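As stored in coords_21.txt (compact mmCIF, C-alpha atoms):
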# COMPACT_ATOMS: atom_id res chain seq x y z
CA ARG A 1 28.89 15.50 -26.05
CA ASP A 2 29.74 18.38 -23.74
CA ILE A 3 27.30 20.62 -25.60
CA ILE A 4 24.53 18.01 -25.26
CA LYS A 5 25.21 17.72 -21.53
CA VAL A 6 24.88 21.46 -21.07
CA GLN A 7 21.67 21.57 -23.10
CA LEU A 8 20.14 18.67 -21.13
CA PHE A 9 21.09 20.34 -17.87
CA GLU A 10 19.41 23.59 -18.97
CA ILE A 11 16.24 21.69 -19.96
CA TYR A 12 16.23 19.83 -16.63
CA SER A 13 16.61 23.10 -14.70
CA LYS A 14 13.72 24.70 -16.56
CA LEU A 15 11.49 21.68 -15.99
CA GLN A 16 12.40 21.65 -12.31
CA SER A 17 11.43 25.32 -11.93
CA ILE A 18 8.11 24.69 -13.74
CA ILE A 19 7.32 21.71 -11.47
CA THR A 20 8.11 23.77 -8.37
CA ALA A 21 5.82 26.59 -9.54
CA VAL A 22 2.98 24.16 -10.30
CA GLN A 23 3.36 22.54 -6.88
CA LYS A 24 3.06 25.91 -5.16
CA VAL A 25 -0.10 26.79 -7.09
CA ARG A 26 -1.56 23.36 -6.40
CA THR A 27 -0.80 23.67 -2.70
CA ASN A 28 -2.56 27.03 -2.47
CA LEU A 29 -5.61 25.66 -4.30
CA ILE A 30 -6.05 22.41 -2.42
CA LYS A 31 -5.03 23.43 1.11
CA PRO A 32 -8.51 24.76 1.94
CA ALA A 33 -10.04 21.40 0.98
CA TYR A 34 -7.59 19.63 3.28
CA PHE A 35 -8.45 22.04 6.09
CA LEU A 36 -12.19 21.45 5.71
CA PHE A 37 -11.78 17.68 5.59
CA TYR A 38 -9.51 17.78 8.63
CA ASN A 39 -12.21 19.59 10.60
CA SER A 40 -14.82 17.02 9.55
CA LEU A 41 -12.93 14.13 11.20
CA ASP A 42 -13.25 12.95 14.78
CA HIS A 43 -9.76 13.36 16.25
CA THR A 44 -10.68 11.86 19.63
CA ILE A 45 -10.82 8.31 18.27
CA PHE A 46 -7.92 6.16 19.39
CA ILE A 47 -6.95 2.63 18.44
CA ASP A 48 -8.99 0.25 20.53
CA GLY A 49 -7.55 -3.05 19.42
CA GLY A 50 -5.31 -4.15 16.58
CA PHE A 51 -4.05 -1.71 13.97
CA ASP A 52 -1.32 -2.32 11.41
CA PHE A 53 0.98 0.35 10.03
CA SER A 54 2.41 -0.93 6.76
CA ILE A 55 4.88 0.24 4.15
CA THR A 56 5.52 -1.07 0.64
CA LEU A 57 8.91 -2.62 0.04
CA ASN A 58 9.96 -1.36 -3.40
CA TYR A 59 12.25 -4.29 -4.00
CA MET A 60 12.18 -4.10 -7.79
CA SER A 61 14.17 -1.59 -9.78
CA VAL A 62 12.31 1.62 -10.46
CA ASP A 63 14.07 1.93 -13.82
CA SER A 64 12.78 -1.38 -15.18
CA VAL A 65 10.20 -2.44 -12.67
CA TRP A 66 9.10 -5.70 -14.29
CA SER A 67 12.45 -7.14 -15.30
CA SER A 68 15.21 -5.87 -13.01
CA TRP A 69 15.95 -7.04 -9.52
CA ARG A 70 17.45 -5.20 -6.58
CA SER A 71 20.38 -6.73 -4.75
CA LYS A 72 20.06 -8.47 -1.37
CA GLU A 73 21.91 -5.57 0.21
CA GLU A 74 19.37 -3.08 -1.13
CA VAL A 75 16.45 -5.20 0.03
CA ALA A 76 18.03 -5.34 3.50
CA MET A 77 18.42 -1.55 3.45
CA GLU A 78 14.72 -1.14 2.67
CA LEU A 79 13.82 -3.44 5.55
CA ASP A 80 16.10 -1.39 7.82
CA TRP A 81 14.25 1.69 6.58
CA ALA A 82 10.91 0.10 7.48
CA GLU A 83 12.15 -0.72 10.98
CA LYS A 84 13.37 2.84 11.49
CA ILE A 85 9.95 4.20 10.56
CA GLY A 86 8.40 1.83 13.09
CA VAL A 87 5.89 -0.08 10.95
CA ASN A 88 4.86 -3.57 12.02
CA THR A 89 3.86 -4.71 8.50
CA VAL A 90 5.73 -4.82 5.19
CA LYS A 91 3.94 -5.13 1.85
CA VAL A 92 5.59 -6.66 -1.21
CA THR A 93 4.39 -7.27 -4.74
CA VAL A 94 5.03 -10.71 -6.23
CA LEU A 95 5.02 -11.46 -9.95
CA LEU A 96 3.82 -14.94 -10.78
CA ASP A 97 5.78 -15.18 -14.05
CA TYR A 98 8.57 -16.90 -12.16
CA TRP A 99 6.31 -19.65 -10.84
CA VAL A 100 4.37 -20.15 -14.08
CA TYR A 101 7.53 -20.31 -16.21
CA LYS A 102 9.51 -22.12 -13.50
CA ASN A 103 12.30 -19.59 -13.06
CA THR A 104 13.74 -21.41 -10.06
CA SER A 105 16.54 -18.95 -9.27
CA ARG A 106 14.19 -15.97 -9.17
CA VAL A 107 11.60 -17.94 -7.17
CA ASN A 108 14.28 -18.77 -4.59
CA GLU A 109 15.31 -15.10 -4.38
CA ILE A 110 11.72 -14.01 -3.75
CA LYS A 111 11.22 -16.72 -1.14
CA GLU A 112 14.41 -15.66 0.62
CA MET A 113 13.17 -12.07 0.69
CA LEU A 114 9.75 -13.09 2.06
CA GLY A 115 11.44 -15.19 4.71
CA SER A 116 13.68 -12.30 5.76
CA ILE A 117 10.60 -10.17 6.50
CA LYS A 118 9.14 -12.90 8.70
CA LYS A 119 12.47 -13.38 10.51
CA ARG A 120 12.47 -9.70 11.49
CA GLY A 121 9.19 -10.24 13.29
CA MET A 122 7.16 -8.13 10.87
CA LYS A 123 3.75 -8.97 9.49
CA LEU A 124 3.75 -9.90 5.80
CA TYR A 125 1.39 -8.44 3.20
CA ILE A 126 1.72 -9.94 -0.30
CA THR A 127 0.05 -8.50 -3.39
CA PHE A 128 0.09 -10.82 -6.38
CA LEU A 129 0.30 -9.05 -9.74
CA GLY A 130 -0.55 -11.91 -12.06
CA VAL A 131 1.72 -12.70 -15.00
CA ARG A 132 3.28 -9.74 -16.77
CA GLU A 133 4.30 -11.93 -19.69
CA TRP A 134 0.60 -12.22 -20.55
CA TYR A 135 0.10 -8.56 -21.34
CA GLY A 136 -0.68 -7.81 -24.96
CA GLU A 137 2.27 -6.63 -27.01
CA ASP A 138 0.22 -3.95 -28.75
CA TYR A 139 -0.77 -1.34 -26.15
CA THR A 140 -3.59 0.06 -28.27
CA PHE A 141 -7.18 0.18 -27.10
CA GLN A 142 -9.66 -2.20 -28.66
CA PRO A 143 -12.47 -0.21 -30.33
CA ARG A 144 -15.41 -2.04 -28.71
CA THR A 145 -14.30 -2.56 -25.13
CA GLY A 146 -11.85 0.26 -24.58
CA ARG A 147 -9.55 -2.30 -22.98
CA ILE A 148 -6.12 -3.59 -23.84
CA PHE A 149 -6.44 -7.31 -24.50
CA GLY A 150 -3.83 -9.76 -23.26
CA LYS A 151 -2.70 -13.21 -24.32
CA VAL A 152 -4.62 -15.80 -22.28
CA ASN A 153 -8.20 -16.68 -21.47
CA PHE A 154 -9.66 -16.44 -17.97
CA LEU A 155 -9.58 -20.19 -17.28
CA THR A 156 -5.88 -20.39 -18.14
CA TRP A 157 -5.19 -17.36 -15.95
CA ARG A 158 -7.04 -18.92 -13.02
CA TYR A 159 -5.45 -22.35 -13.41
CA HIS A 160 -1.86 -21.09 -13.28
CA CYS A 161 -2.27 -18.11 -10.92
CA GLU A 162 -4.41 -19.89 -8.34
CA GLN A 163 -1.89 -22.73 -8.12
CA ALA A 164 1.05 -20.35 -7.65
CA MET A 165 -0.70 -18.12 -5.11
CA THR A 166 -1.90 -21.08 -3.07
CA GLU A 167 1.63 -22.50 -2.97
CA ILE A 168 3.16 -19.22 -1.74
CA ILE A 169 0.44 -18.51 0.82
CA GLY A 170 0.60 -22.06 2.14
CA GLU A 171 4.34 -21.77 2.68
CA PHE A 172 4.63 -18.27 4.16
CA LYS A 173 1.23 -17.80 5.87
CA PRO A 174 1.07 -14.02 5.21
CA ASP A 175 -1.13 -11.84 7.40
CA TYR A 176 -2.61 -10.23 4.28
CA ALA A 177 -2.72 -11.57 0.73
CA CYS A 178 -4.17 -9.68 -2.24
CA VAL A 179 -5.09 -12.34 -4.78
CA ILE A 180 -6.84 -9.98 -7.21
CA ARG A 181 -5.68 -6.43 -7.82
CA GLU A 182 -7.64 -3.98 -9.98
CA PRO A 183 -9.48 -6.70 -11.93
CA LEU A 184 -11.22 -4.17 -14.17
CA VAL A 185 -7.96 -2.60 -15.30
CA ASP A 186 -4.69 -4.31 -14.40
CA MET A 187 -5.73 -7.97 -14.35
CA GLN A 188 -8.14 -7.50 -17.25
CA GLU A 189 -5.28 -6.42 -19.49
CA GLN A 190 -3.69 -9.86 -19.15
CA LEU A 191 -6.74 -11.58 -20.63
CA ALA A 192 -7.73 -12.13 -24.24
CA HIS A 193 -11.39 -11.29 -23.62
CA ALA A 194 -13.49 -9.08 -21.34
CA THR A 195 -14.32 -10.65 -17.96
CA LYS A 196 -17.39 -9.74 -15.90
CA ILE A 197 -17.27 -8.51 -12.33
CA ASP A 198 -19.23 -11.56 -11.16
CA ASP A 199 -16.60 -13.88 -12.66
CA TRP A 200 -13.81 -12.06 -10.82
CA LEU A 201 -15.76 -12.22 -7.55
CA ASP A 202 -16.41 -15.94 -8.00
CA CYS A 203 -12.67 -16.43 -8.42
CA PHE A 204 -11.97 -14.26 -5.36
CA SER A 205 -14.50 -16.07 -3.18
CA LEU A 206 -13.17 -19.50 -4.17
CA MET A 207 -9.58 -18.42 -3.45
CA ALA A 208 -10.65 -17.12 -0.04
CA ARG A 209 -12.24 -20.48 0.80
CA GLN A 210 -9.12 -22.38 -0.28
CA ILE A 211 -6.82 -20.06 1.68
CA SER A 212 -8.93 -20.35 4.83
CA LYS A 213 -8.02 -24.05 4.91
CA ILE A 214 -4.25 -23.70 4.44
CA SER A 215 -3.70 -20.37 6.25
CA PRO A 216 -6.71 -19.56 8.46
CA ALA A 217 -5.25 -16.32 9.84
CA THR A 218 -4.62 -14.76 6.41
CA VAL A 219 -6.90 -11.88 5.40
CA VAL A 220 -7.63 -12.32 1.70
CA VAL A 221 -7.81 -8.97 -0.08
CA LEU A 222 -9.23 -7.66 -3.33
CA GLU A 223 -7.57 -4.32 -4.11
CA ASN A 224 -9.34 -1.77 -6.27
CA GLY A 225 -9.90 1.91 -6.83
CA VAL A 226 -13.01 3.84 -5.87
CA SER A 227 -13.59 6.25 -8.71
CA THR A 228 -15.93 4.80 -11.38
CA PRO A 229 -19.43 3.28 -11.54
CA ALA A 230 -17.85 -0.13 -12.20
CA ASP A 231 -15.71 0.32 -9.09
CA TYR A 232 -18.85 0.92 -7.06
CA GLU A 233 -20.54 -2.18 -8.49
CA LEU A 234 -17.52 -4.24 -7.45
CA PHE A 235 -17.47 -2.67 -3.97
CA GLU A 236 -21.20 -3.27 -3.47
CA LYS A 237 -21.08 -6.90 -4.60
CA ILE A 238 -18.07 -7.80 -2.47
CA GLN A 239 -20.10 -6.83 0.61
CA LYS A 240 -22.53 -9.65 -0.21
CA LEU A 241 -19.93 -12.45 -0.31
CA LYS A 242 -20.25 -14.98 2.52
CA ASN A 243 -16.50 -15.38 3.16
CA LYS A 244 -15.41 -14.24 6.63
CA ASN A 245 -11.70 -13.94 5.89
CA ILE A 246 -11.87 -11.24 3.19
CA ALA A 247 -11.32 -7.49 2.99
CA PHE A 248 -11.68 -4.76 0.39
CA GLY A 249 -8.34 -3.05 -0.22
CA ALA A 250 -9.02 0.59 -1.11
CA LEU A 251 -6.48 2.37 -3.31
CA ILE A 252 -6.42 5.99 -2.16
CA TYR A 253 -4.52 8.55 -4.24
CA SER A 254 -6.31 11.81 -3.48
CA LEU A 255 -9.01 13.50 -1.41
CA LYS A 256 -11.37 12.71 -4.28
CA ASP A 257 -10.91 8.98 -3.64
CA ILE A 258 -11.65 9.48 0.05
CA PHE A 259 -14.85 11.39 -0.72
CA SER A 260 -15.80 8.72 -3.26
CA TYR A 261 -15.38 5.93 -0.71
CA ASN A 262 -17.47 7.88 1.81
CA GLN A 263 -20.23 8.05 -0.80
CA TYR A 264 -19.93 4.32 -1.52
CA ALA A 265 -20.34 3.58 2.20
CA LYS A 266 -23.55 5.60 2.28
CA MET A 267 -25.03 3.92 -0.80
CA CYS A 268 -24.69 0.31 0.41
CA LYS A 269 -24.35 -1.58 3.67
CA VAL A 270 -20.66 -2.19 4.37
CA ARG A 271 -20.41 -5.71 5.80
CA LYS A 272 -16.76 -6.51 5.03
CA LYS A 273 -13.73 -4.81 6.50
CA THR A 274 -11.86 -2.26 4.42
CA ILE A 275 -8.11 -1.67 4.59
CA ILE A 276 -6.08 1.09 2.93
CA ALA A 277 -4.08 -1.18 0.63
CA GLU A 278 -2.11 1.69 -0.87
CA PHE A 279 -2.07 5.43 -0.50
CA TRP A 280 -0.12 8.39 -1.75
CA ASP A 281 -1.04 11.63 -3.44
CA SER A 282 -1.65 11.25 -7.16
CA VAL A 283 1.40 13.40 -7.98
CA VAL A 284 3.65 11.43 -5.58
CA ILE A 285 4.10 14.16 -3.02
CA TYR A 286 5.99 12.14 -0.48
CA ILE A 287 9.34 13.65 -1.30
CA ASP A 288 8.21 17.23 -0.68
CA GLU A 289 6.89 19.35 2.17
CA TYR A 290 3.25 18.61 1.37
CA ALA A 291 3.40 15.04 2.70
CA GLU A 292 2.28 15.76 6.24
CA ASP A 293 -1.34 16.73 5.62
CA PHE A 294 -2.28 13.83 3.37
CA ILE A 295 -0.64 11.09 5.44
CA TYR A 296 -2.23 12.32 8.64
CA LEU A 297 -5.66 12.71 7.03
CA VAL A 298 -5.59 9.16 5.64
CA TYR A 299 -4.60 7.80 9.06
CA ARG A 300 -7.34 9.66 10.93
CA TRP A 301 -9.89 8.87 8.24
CA ALA A 302 -9.04 5.15 8.55
CA LEU A 303 -9.62 5.31 12.31
CA ASN A 304 -12.95 7.06 11.76
CA HIS A 305 -14.04 4.16 9.53
CA LYS A 306 -12.58 1.42 11.78
CA MET A 307 -10.11 0.29 9.13
CA PRO A 308 -7.41 -1.95 10.66
CA LEU A 309 -4.51 -1.21 8.29
CA ILE A 310 -2.99 1.61 6.25
CA ASN A 311 -0.16 0.99 3.78
CA LEU A 312 2.08 3.86 2.72
CA SER A 313 3.83 3.53 -0.62
CA TYR A 314 6.82 5.48 -1.93
CA SER A 315 8.21 6.95 1.26
CA LEU A 316 11.61 6.54 -0.37
CA ASN A 317 12.79 8.98 -3.01
CA THR A 318 12.28 6.56 -5.89
CA HIS A 319 14.27 8.78 -8.24
CA THR A 320 17.50 8.37 -6.29
CA TYR A 321 17.08 5.49 -3.82
CA ASP A 322 19.65 7.20 -1.62
CA TYR A 323 17.76 6.36 1.60
CA SER A 324 18.00 9.90 2.91
CA PRO A 325 14.95 10.60 5.12
CA THR A 326 12.08 12.29 3.28
CA PRO A 327 9.27 14.34 4.83
CA ALA A 328 7.10 11.23 4.57
CA PHE A 329 9.61 9.28 6.65
CA TYR A 330 9.37 11.71 9.58
CA VAL A 331 5.62 12.26 9.30
CA TYR A 332 4.77 8.55 9.24
CA LYS A 333 7.24 7.79 12.04
CA ASN A 334 5.78 10.60 14.13
CA ILE A 335 2.22 9.31 13.63
CA ILE A 336 3.23 5.78 14.64
CA THR A 337 5.08 7.02 17.72
CA ARG A 338 2.22 9.25 18.83
CA THR A 339 -0.24 6.42 18.27
CA PHE A 340 1.77 4.21 20.58
CA MET A 341 1.87 6.96 23.20
CA GLU A 342 -1.88 7.53 22.92
CA GLY A 343 -2.44 3.84 23.52
CA VAL A 344 -0.07 3.84 26.50
CA CYS A 345 -1.70 6.85 28.09
CA LYS A 346 -5.29 5.86 27.38
CA LYS A 347 -5.27 2.17 28.23
CA GLY A 348 -2.25 1.79 30.52
CA VAL A 349 0.74 -0.43 29.79
CA LYS A 350 2.41 -2.64 32.34
CA SER A 351 6.10 -2.68 31.55
CA ASN A 352 8.66 -5.41 31.63
CA PRO A 353 11.75 -4.93 33.87
CA ASP A 354 13.64 -3.22 31.06
CA GLY A 355 11.01 -0.53 30.67
CA ILE A 356 9.57 0.93 27.47
CA TRP A 357 11.23 3.81 25.65
CA GLY A 358 11.34 5.45 22.25
CA THR A 359 12.00 8.54 20.15
CA LEU A 360 9.45 11.05 18.95
CA TYR A 361 10.34 12.84 15.73
CA ALA A 362 8.85 16.30 16.12
CA GLU A 363 10.36 17.89 13.01
CA TYR A 364 11.49 16.68 9.60
CA ASP A 365 15.17 16.98 10.41
CA GLU A 366 15.24 17.09 14.21
CA ALA A 367 14.72 14.15 16.56
CA VAL A 368 13.44 14.98 20.04
CA ASN A 369 14.06 12.19 22.54
CA ILE A 370 11.03 11.47 24.69
CA ASN A 371 11.61 9.28 27.72
CA TYR A 372 8.58 7.14 28.42
CA GLN A 373 10.08 4.47 30.59
CA PHE A 374 7.98 2.55 33.10
CA ARG A 375 9.96 0.65 35.68
CA ASN A 376 9.10 -1.63 38.58
CA GLY A 377 5.78 -2.58 37.04
CA GLY A 378 4.53 1.01 36.92
CA THR A 379 1.44 1.80 34.89
CA LEU A 380 0.29 5.10 33.40
CA LYS A 381 -3.50 5.21 33.21
CA ASP A 382 -4.64 8.81 33.10
CA TYR A 383 -4.53 10.22 29.58
CA LYS A 384 -5.10 13.80 30.77
CA ASP A 385 -1.94 13.74 32.85

Would you encode the structure as C-alpha cells?
Amino acid sequence: RDIIKVQLFEIYSKLQSIITAVQKVRTNLIKPAYFLFYNSLDHTIFIDGGFDFSITLNYMSVDSVWSSWRSKEEVAMELDWAEKIGVNTVKVTVLLDYWVYKNTSRVNEIKEMLGSIKKRGMKLYITFLGVREWYGEDYTFQPRTGRIFGKVNFLTWRYHCEQAMTEIIGEFKPDYACVIREPLVDMQEQLAHATKIDDWLDCFSLMARQISKISPATVVVLENGVSTPADYELFEKIQKLKNKNIAFGALIYSLKDIFSYNQYAKMCKVRKKTIIAEFWDSVVIYIDEYAEDFIYLVYRWALNHKMPLINLSYSLNTHTYDYSPTPAFYVYKNIITRTFMEGVCKKGVKSNPDGIWGTLYAEYDEAVNINYQFRNGGTLKDYKD
C-alpha cells in the first residue's frame, strides 16, 4: 500500500506540472484576444436601473452530483460565502426526481434550503434539471440521431415536470426560474425520441403563461448555449414568442461563445431580454490567477448589451470545498463593490442616519477599507470628484 501511495503521488505531481505548463501556454496565446475584446467594449456604461449579481450555490456533492447531498451546515457556509462576495441573487439547481417519485424527506430538505435563501433577503434563481432517473442507462450514441435516448416520451416528461415546477414556483415565487435547460442536449437525453425545437418552445411558452398567473414577477428562462446552428435557430425563434415574462439564458464558457452571441444578435432582431445564466471559462479557471480578465469582460459585455443579470458558477474550489478565498472571490467582490460606488457617485445616494459603508478588495489577498459614509442626509452627486 505504501508503494502504491508513493506511485500515485508521483503521478499526481507529474500531472500537476503538465497542467501548469499548459495553462501558461494557453494564457500567452489567448491574452491578446482578451486585450482586443477589452478594447472593443464601452467602459463608460454604468448600471442605470436594476442589475442582479448572482452566484450558483453548489449544494450537491461534487463527488456524486446527482445522488449525494451536502449537509445543512455546508449549505449555510455557501450562503455565507455568497453574502461575503456581495451578490444579491443565489442560483440553485433543483432535480425533479424527488417530486415525481415522492421522496418527501428530500423534497422537504430542498424546500428548507430554498426558504433559507429567501430569509436572507436574497433573490432566488431556480434552474430545474428535469428527472435524472429518466436518462438512458446505455450512454452510447444512437446511429441516426447522434443523441442519447432516455426512458420517457415527451408528453410524460411534460406532464410530470410541469406539475412539479408549477408547484415549486407557486410556493417560493422565485425571481428567475429556468424551466427548460439545454433542450437540444441535456433535456433531450431524458426522452425516448427526438423532439423538435418548436415542441420545446411550445412547452416553454405555455409554462411562461401558467407561471405569469401564479407568480407574475418571476422571469421565466430558457437556458442554452450559443455555439451551433441549432442553437441559433432556438435563439431566433424565442425572440418571436409573445410572452412578456421570458428571457433567454445564455451559457457563456469562453470568448468564442461571446463572439457567437454577438453574431446571433446581428442576424436577427433581439426582442427578448438576455441574461447570463451561467459563465466560467471552459477549463474552469476560477481557482487560478487568470480569473480576473474573463469575469470582468463578461460583466462589461453584459452591460454593453443591457443584460440585467450575470451568474458566476464555481467560485469555490470544487476540488476541496475548503472555502478559502479564490481569485474569483476577490475579483467578483471587487466588481460588485466598484459597481455600487459607480452608482453612488453617478446618481447620488441619500443615506439613512447610519450612513453607508463598505470594503473594497483591491488585491486577491489584501482588503483595503474604503470609507464611503454619508451622514446627515449628505449626497454625493459629482462622479468626477

* Asked: By how many Å are atom CA of Lys151 of chain A and atom CA of Gln188 of chain A apart?
  ->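 The value is 10.6 Å.
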
* Can you tell me, as a list in words, what residues are no more than 9 Å from segment 72-74 of chain A when counting all atoms listed in the file, ignoring any on the same chain fewer than 3 positions away? ->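 That gives Tyr59, Met77, Glu78, Leu79, Glu109 and Met113 of chain A.
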
May I have the selected residues written with C-alpha atoms, as an mmCIF file, keeping the file's coordinate frame?
data_model
loop_
_atom_site.group_PDB
_atom_site.id
_atom_site.type_symbol
_atom_site.label_atom_id
_atom_site.label_comp_id
_atom_site.auth_asym_id
_atom_site.auth_seq_id
_atom_site.Cartn_x
_atom_site.Cartn_y
_atom_site.Cartn_z
ATOM 1 C CA TYR A 59 12.250 -4.290 -4.000
ATOM 2 C CA MET A 77 18.420 -1.550 3.450
ATOM 3 C CA GLU A 78 14.720 -1.140 2.670
ATOM 4 C CA LEU A 79 13.820 -3.440 5.550
ATOM 5 C CA GLU A 109 15.310 -15.100 -4.380
ATOM 6 C CA MET A 113 13.170 -12.070 0.690
#

* May I have the residues within 12 Å of Leu41 of chain A as a list in words, using only C-alpha atoms and disregarding those fewer than 4 positions away in the same chain? =>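 The residues satisfying every condition are Tyr34, Phe35, Leu36, Phe37, Ile45, Tyr296, Leu297, Val298, Tyr299, Arg300, Trp301, Ala302, Leu303, Asn304 and His305 of chain A.
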
* To do: Extract, using all atoms listed in the file, all DNA, RNA and protein residues at most 7 Å from segment 89-105 of chain A, discarding same-chain residues fewer than 3 positions from it, and format them as a list in words.
  =>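 Non-adjacent residues within range: Asp52, Phe53, Ser54, Ile55, Thr56, Leu57, Asn108, Glu109, Met122, Lys123, Leu124, Tyr125, Ile126, Thr127, Phe128, Leu129, Gly130, Val131, Arg132, Glu133, His160, Cys161 and Ala164 of chain A.
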
Selection as an mmCIF file with C-alpha atoms, in the frame of the given file: residues within 8 Å of (-5.0, -2.9, -3.4), counting all atoms listed in the file:
data_model
loop_
_atom_site.group_PDB
_atom_site.id
_atom_site.type_symbol
_atom_site.label_atom_id
_atom_site.label_comp_id
_atom_site.auth_asym_id
_atom_site.auth_seq_id
_atom_site.Cartn_x
_atom_site.Cartn_y
_atom_site.Cartn_z
ATOM 1 C CA THR A 127 0.050 -8.500 -3.390
ATOM 2 C CA CYS A 178 -4.170 -9.680 -2.240
ATOM 3 C CA ARG A 181 -5.680 -6.430 -7.820
ATOM 4 C CA GLU A 182 -7.640 -3.980 -9.980
ATOM 5 C CA VAL A 221 -7.810 -8.970 -0.080
ATOM 6 C CA LEU A 222 -9.230 -7.660 -3.330
ATOM 7 C CA GLU A 223 -7.570 -4.320 -4.110
ATOM 8 C CA ASN A 224 -9.340 -1.770 -6.270
ATOM 9 C CA GLY A 225 -9.900 1.910 -6.830
ATOM 10 C CA PHE A 248 -11.680 -4.760 0.390
ATOM 11 C CA GLY A 249 -8.340 -3.050 -0.220
ATOM 12 C CA ALA A 250 -9.020 0.590 -1.110
ATOM 13 C CA LEU A 251 -6.480 2.370 -3.310
ATOM 14 C CA ILE A 276 -6.080 1.090 2.930
ATOM 15 C CA ALA A 277 -4.080 -1.180 0.630
ATOM 16 C CA GLU A 278 -2.110 1.690 -0.870
#

* Any idea what the distance is between atom CA of Lys306 of chain A and atom CA of Thr326 of chain A? ->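 The value is 28.3 Å.
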
* Which polymer residues have any atom within 6 Å of an atom of Phe279 of chain A, counting all atoms listed in the file, with same-chain residues fewer than 3 positions away left out, as a PyMOL selection string? -> chain A and resi 252-253+312

* Step by step: start from the point (3.3, 7.8, 10.6) in the file's coordinates, keep every protein, DNA or RNA residue that has an atom no farther than 9 Å from it, count only C-alpha atoms, and write the set as a list of chain:residue names. =>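 Output: A:Phe53, A:Ile85, A:Gly86, A:Val87, A:Ile295, A:Tyr296, A:Tyr299, A:Leu312, A:Ala328, A:Phe329, A:Tyr330, A:Val331, A:Tyr332, A:Lys333, A:Asn334, A:Ile335, A:Ile336, A:Thr337, A:Arg338, A:Thr339.
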
* Find the distance between atom CA of Arg271 of chain A and atom CA of Asp199 of chain A and write it in Å to one decimal. =>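 Separation between atom CA of Arg271 of chain A and atom CA of Asp199 of chain A: 20.5 Å.
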
* Select, from A:Gly115, A:Thr166, A:Asn88, A:Ile18, the residue with the minimum atom-to-atom distance to Phe51 of chain A, counting all atoms listed in the file. =>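 Smallest separation from Phe51 of chain A among the options: A:Asn88.
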
Taking all atoms of segment 165-183 of chain A that the file lists and extending 5 Å past them on each side, where is the centre of the axis-aligned box and how long are its edges? Answer in Å to one decimal, as JSON.
{"center_x": -2.4, "center_y": -13.2, "center_z": -2.3, "size_x": 24.1, "size_y": 28.5, "size_z": 29.3}

* Selected residue, from A:Asn153, A:Asn311, A:Ser254, A:Asn243, that lies nearest to Met187 of chain A when counting all atoms listed in the file ->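 Comparing A:Asn153, A:Asn311, A:Ser254, A:Asn243 against Met187 of chain A, the winner is A:Asn153.
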